[in-house]
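See below for the structure under consideration.
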Amino acid sequence: MFFVTETKLTGDKPTVEFDHHSPEHASDPLGSFARVESKCPVAWSESHGGYWILTDYDAVAAAARDAITFSSAYSEEYGHPIFIPSPDDPFVLAPLELDPPDFAPYRRFLHPFLTQAAVRGLESGLQYWVDFFLDQVIESGRMELVEQFATPVPSTITIDWLGLKPTDWPLYAETVHLQMKSRPGTEERRRADAGYLELVARVDAAIRDRRRHPQPDIITLLANAKINGEPVPHELALGTLLLTINGGVNTTAVLVSHALIYLSEHRGLFDKLLQDDRFMRTSTEELLRHYCPILSIGRQASRSTELHDQHIEARDHVLLAWAAANHDAAKFEDPYELRLDRWPNPHLAFGLGPHRCIGSNLARAMFANMLRAFLKRVPDFRITNVTARDNRSIDNAFEAIDIEFTPGSRVLPQAEPSPQFRTSIQDSWPASAPGGPA
Ligand code: HEM
């Protein structure tokens, strides 16, 4: 039975039965969005107090580009429009939860650390953590991919790169994971909220600590940054770190998980991926397009507007379905076919417009490093079990993926994280920054 059961006109709205938090949506997000689009590319659902669902490329792109009309800004009155429904916490995830022009200084702050050149400077650090986590399982001949490789590598890189303790990665990863998978109003969501407060407290303490004891890290720079000549407000320094952690921890993990499941059934592609850099690049974009790690995200109309002849009222909630836009046949030939050499590939997996993902260079570099190392060191991996996630309201994640392979050898000299090791940001360090190199 389809869960989009009917279209009816409710006060002129083309209404579908749709809930992006439902297990039915989680079991087949692309099919679920396609059924909404077949009714209307700008459809209305009565779930969670009511929201619009945008599914075709043009509508999603138009809304993403017009960040003023389709606002992602936190407000005390409405909470967090990026989440439908909004959680209760008051932490403003900058720059995403600030509208233009207020968001710009926070984006400008992050930018120098995430350019292509800056990310190239992180290469040896990325490689270290990839090897480190593969070393932990390589001799055993088995691993649970999500928990032991796909998640810890990007999580550790992100928090180490910011200046948090790398060995704390499970706190950050588990909290984000629980937030993503728990449904509003459930006991699991209450546990997720409690975990989030602990995470926030940890990041908050790190900012306060760096104001007293500067260190050569991004937290120190942010804690002491000036915005429009004034010290950065504490809560927005906190929010910038919270969003960056959120962006870095789970998303690349989802991409790696899907890529390895696909490749386990297409072993003939391993050599080409390892030897042909261009093919690795086009494959990365196509895997991003098709598996779209962030499936959808919310907005709130700041004024009334029209999209595809539908009237969207000021204050209406709107879901931007990136994954559906990536499968719009008007934009992509044979959109449900994975063509690893597809080019050009104007997918929306990283969003679009003013809030387009600022971490995309880092995400691509982490992905390429993880995939190459995995295919080289675990070439005969077999997937023995995949446990699906029953909430894919935002991310396209799996619960668990069990893998077996022929045991291999460790490559790093020591089993514990090297105390000297940092995911180096030295190459992208602004010269005038406190605590940075002269
Ligand atoms: C495959 C990996 C990733 C995917 C698919 C992804 C996806 C996205 C998407 C769709 C947006 C736009 C959100 C919106 O407009 O509502 C976004 C924004 C953002 N992402 Fe990513 N992301 C990834 C990796 C990362 C990484 C590694 C980081 C940081 C280290 C990061 C940090 C951010 C930040 C800070 C924003 C907000 C930018 C702004 O508001 O100006 N992301 N990401």
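All residue names refer to the structure tokens as shown: chains lettered A, B, ... in order, residues numbered from 1 in each chain, ligands numbered from 1 in order.
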Name the residues of range 69-222 of chain A that come out as alpha helix (DSSP H) in a backbone DSSP run; write them as a ChimeraX atom specification. /A:104-110,116-120,123-138,145,152-162,169-181,187-212,218-222
Residues near Asp341 in chain A, cut-off 10 Å, only C-alpha atoms, skip fewer than 3 positions along chain, as an mmCIF file with N, CA, C and O atoms, in the first residue's frame:
data_model
loop_
_atom_site.group_PDB
_atom_site.id
_atom_site.type_symbol
_atom_site.label_atom_id
_atom_site.label_comp_id
_atom_site.auth_asym_id
_atom_site.auth_seq_id
_atom_site.Cartn_x
_atom_site.Cartn_y
_atom_site.Cartn_z
ATOM 1 N N ARG A 278 39.752 11.053 -12.672
ATOM 2 C CA ARG A 278 38.551 11.705 -13.207
ATOM 3 C C ARG A 278 37.324 10.845 -12.926
ATOM 4 O O ARG A 278 36.262 11.362 -12.545
ATOM 5 N N PHE A 279 37.474 9.539 -13.099
ATOM 6 C CA PHE A 279 36.351 8.637 -12.853
ATOM 7 C C PHE A 279 35.959 8.677 -11.362
ATOM 8 O O PHE A 279 34.776 8.644 -11.019
ATOM 9 N N MET A 280 36.954 8.789 -10.494
ATOM 10 C CA MET A 280 36.651 8.913 -9.054
ATOM 11 C C MET A 280 35.833 10.181 -8.810
ATOM 12 O O MET A 280 34.871 10.185 -8.052
ATOM 13 N N ARG A 281 36.198 11.262 -9.514
ATOM 14 C CA ARG A 281 35.479 12.531 -9.298
ATOM 15 C C ARG A 281 34.043 12.458 -9.825
ATOM 16 O O ARG A 281 33.105 12.860 -9.143
ATOM 17 N N THR A 282 33.875 11.934 -11.058
ATOM 18 C CA THR A 282 32.499 11.872 -11.583
ATOM 19 C C THR A 282 31.670 10.879 -10.767
ATOM 20 O O THR A 282 30.480 11.105 -10.527
ATOM 21 N N SER A 283 32.306 9.804 -10.309
ATOM 22 C CA SER A 283 31.584 8.805 -9.496
ATOM 23 C C SER A 283 31.112 9.427 -8.187
ATOM 24 O O SER A 283 29.987 9.179 -7.729
ATOM 25 N N THR A 284 31.977 10.229 -7.580
ATOM 26 C CA THR A 284 31.610 10.861 -6.307
ATOM 27 C C THR A 284 30.358 11.714 -6.494
ATOM 28 O O THR A 284 29.411 11.657 -5.698
ATOM 29 N N GLU A 285 30.334 12.496 -7.590
ATOM 30 C CA GLU A 285 29.166 13.375 -7.809
ATOM 31 C C GLU A 285 27.912 12.554 -8.084
ATOM 32 O O GLU A 285 26.824 12.895 -7.611
ATOM 33 N N GLU A 286 28.080 11.463 -8.823
ATOM 34 C CA GLU A 286 26.901 10.662 -9.163
ATOM 35 C C GLU A 286 26.369 9.907 -7.927
ATOM 36 O O GLU A 286 25.159 9.772 -7.736
ATOM 37 N N LEU A 338 22.226 4.719 -12.004
ATOM 38 C CA LEU A 338 23.492 5.248 -11.480
ATOM 39 C C LEU A 338 24.527 5.173 -12.594
ATOM 40 O O LEU A 338 24.951 4.079 -12.978
ATOM 41 N N PRO A 344 27.860 16.813 -17.322
ATOM 42 C CA PRO A 344 27.861 17.487 -16.018
ATOM 43 C C PRO A 344 26.806 16.904 -15.083
ATOM 44 O O PRO A 344 25.925 16.162 -15.530
ATOM 45 N N ASN A 345 26.912 17.254 -13.845
ATOM 46 C CA ASN A 345 26.028 16.650 -12.839
ATOM 47 C C ASN A 345 25.610 17.725 -11.827
ATOM 48 O O ASN A 345 26.158 17.785 -10.716
#
Contacts of Gln136 in chain A at 9 Å (only C-alpha atoms; same-chain gap of 4+ positions) as a PyMOL selection string: chain A and resi 131-132+140+148+410+415
Write out the residues from the selection above, keeping all heavy atoms, as a tab-separated table (two decimals), in the first residue's frame.
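File result-v3.tsv, as written:
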chain	number	residue	atom	x	y	z
A	131	ASP	N	43.44	5.28	8.00
A	131	ASP	CA	44.28	4.12	8.33
A	131	ASP	C	44.06	3.69	9.77
A	131	ASP	O	44.00	2.49	10.07
A	131	ASP	CB	45.77	4.47	8.13
A	131	ASP	CG	46.13	4.53	6.65
A	131	ASP	OD1	45.40	3.93	5.84
A	131	ASP	OD2	47.14	5.18	6.32
A	132	PHE	N	43.95	4.66	10.65
A	132	PHE	CA	43.79	4.35	12.07
A	132	PHE	C	42.55	3.48	12.31
A	132	PHE	O	42.61	2.45	12.98
A	132	PHE	CB	43.69	5.65	12.90
A	132	PHE	CG	43.44	5.40	14.35
A	132	PHE	CD1	44.48	5.10	15.20
A	132	PHE	CD2	42.14	5.43	14.86
A	132	PHE	CE1	44.26	4.83	16.55
A	132	PHE	CE2	41.91	5.16	16.20
A	132	PHE	CZ	42.97	4.87	17.05
A	140	SER	N	40.81	-8.63	12.13
A	140	SER	CA	39.72	-9.50	12.60
A	140	SER	C	38.93	-10.15	11.47
A	140	SER	O	38.25	-11.15	11.65
A	140	SER	CB	38.75	-8.70	13.47
A	140	SER	OG	38.01	-7.83	12.63
A	148	GLN	N	32.11	1.22	12.78
A	148	GLN	CA	33.55	1.04	12.93
A	148	GLN	C	34.39	1.72	11.85
A	148	GLN	O	35.60	1.79	11.97
A	148	GLN	CB	33.88	-0.46	13.00
A	148	GLN	CG	33.31	-1.10	14.27
A	148	GLN	CD	33.68	-2.55	14.41
A	148	GLN	OE1	33.24	-3.39	13.63
A	148	GLN	NE2	34.51	-2.87	15.38
A	410	ARG	N	47.92	-4.36	9.90
A	410	ARG	CA	47.89	-2.95	10.28
A	410	ARG	C	48.96	-2.20	9.50
A	410	ARG	O	49.96	-2.80	9.10
A	410	ARG	CB	48.19	-2.81	11.77
A	410	ARG	CG	47.38	-3.71	12.66
A	410	ARG	CD	47.87	-3.61	14.09
A	410	ARG	NE	47.37	-2.39	14.67
A	410	ARG	CZ	46.33	-2.32	15.50
A	410	ARG	NH1	45.70	-3.42	15.85
A	410	ARG	NH2	45.94	-1.19	15.97
A	415	ALA	N	48.82	1.40	18.12
A	415	ALA	CA	47.38	1.14	18.13
A	415	ALA	C	46.59	2.31	18.70
A	415	ALA	O	45.41	2.47	18.40
A	415	ALA	CB	47.10	-0.12	18.94
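Closest approach to Leu340 in chain A among A:Leu269, A:Leu197, A:Leu30, A:Met366: A:Leu269, based on only C-alpha atoms.
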Can you list, as a ChimeraX atom specification, every protein, DNA or RNA residue that comes within 10 Å of range 231-241 of chain A when you count only C-alpha atoms, leaving out same-chain residues fewer than 3 positions away? /A:90-98,105-107,109-110,159,162,200-201,203-208,218-219,221-228,244-247
Name all residues at most 12 Å from His48 in chain A (count only C-alpha atoms; drop same-chain ones fewer than 3 positions away) and give them as a PyMOL selection string. chain A and resi 17-22+44-45+51-52+83-86+183-185+316-319
Pull C-alpha atoms from the residues just selected and write them as a PDB file, in the first residue's frame.
ATOM      1  CA  GLU A  17      -0.883  11.809   2.854  1.00  0.00           C
ATOM      2  CA  PHE A  18       2.816  12.086   3.486  1.00  0.00           C
ATOM      3  CA  ASP A  19       5.033  12.092   6.550  1.00  0.00           C
ATOM      4  CA  HIS A  20       8.795  12.249   6.077  1.00  0.00           C
ATOM      5  CA  HIS A  21       9.232  10.785   9.573  1.00  0.00           C
ATOM      6  CA  SER A  22       7.212   7.645   8.734  1.00  0.00           C
ATOM      7  CA  TRP A  44       0.669  19.866   0.900  1.00  0.00           C
ATOM      8  CA  SER A  45       0.719  17.400   3.803  1.00  0.00           C
ATOM      9  CA  TYR A  51       3.810  21.631   5.400  1.00  0.00           C
ATOM     10  CA  TRP A  52       4.499  21.925   1.688  1.00  0.00           C
ATOM     11  CA  PHE A  83      13.411  20.769  11.146  1.00  0.00           C
ATOM     12  CA  ILE A  84       9.737  19.881  10.648  1.00  0.00           C
ATOM     13  CA  PRO A  85       8.537  19.801  13.405  1.00  0.00           C
ATOM     14  CA  SER A  86      10.994  22.014  15.283  1.00  0.00           C
ATOM     15  CA  ARG A 183      10.794  10.534  15.896  1.00  0.00           C
ATOM     16  CA  PRO A 184       9.310  13.665  17.450  1.00  0.00           C
ATOM     17  CA  GLY A 185       7.489  13.037  20.729  1.00  0.00           C
ATOM     18  CA  ASP A 316       3.884  28.091   6.016  1.00  0.00           C
ATOM     19  CA  HIS A 317       6.459  25.356   6.522  1.00  0.00           C
ATOM     20  CA  VAL A 318       8.132  23.938   3.421  1.00  0.00           C
ATOM     21  CA  LEU A 319      10.197  20.771   2.907  1.00  0.00           C
TER      22      LEU A 319
END
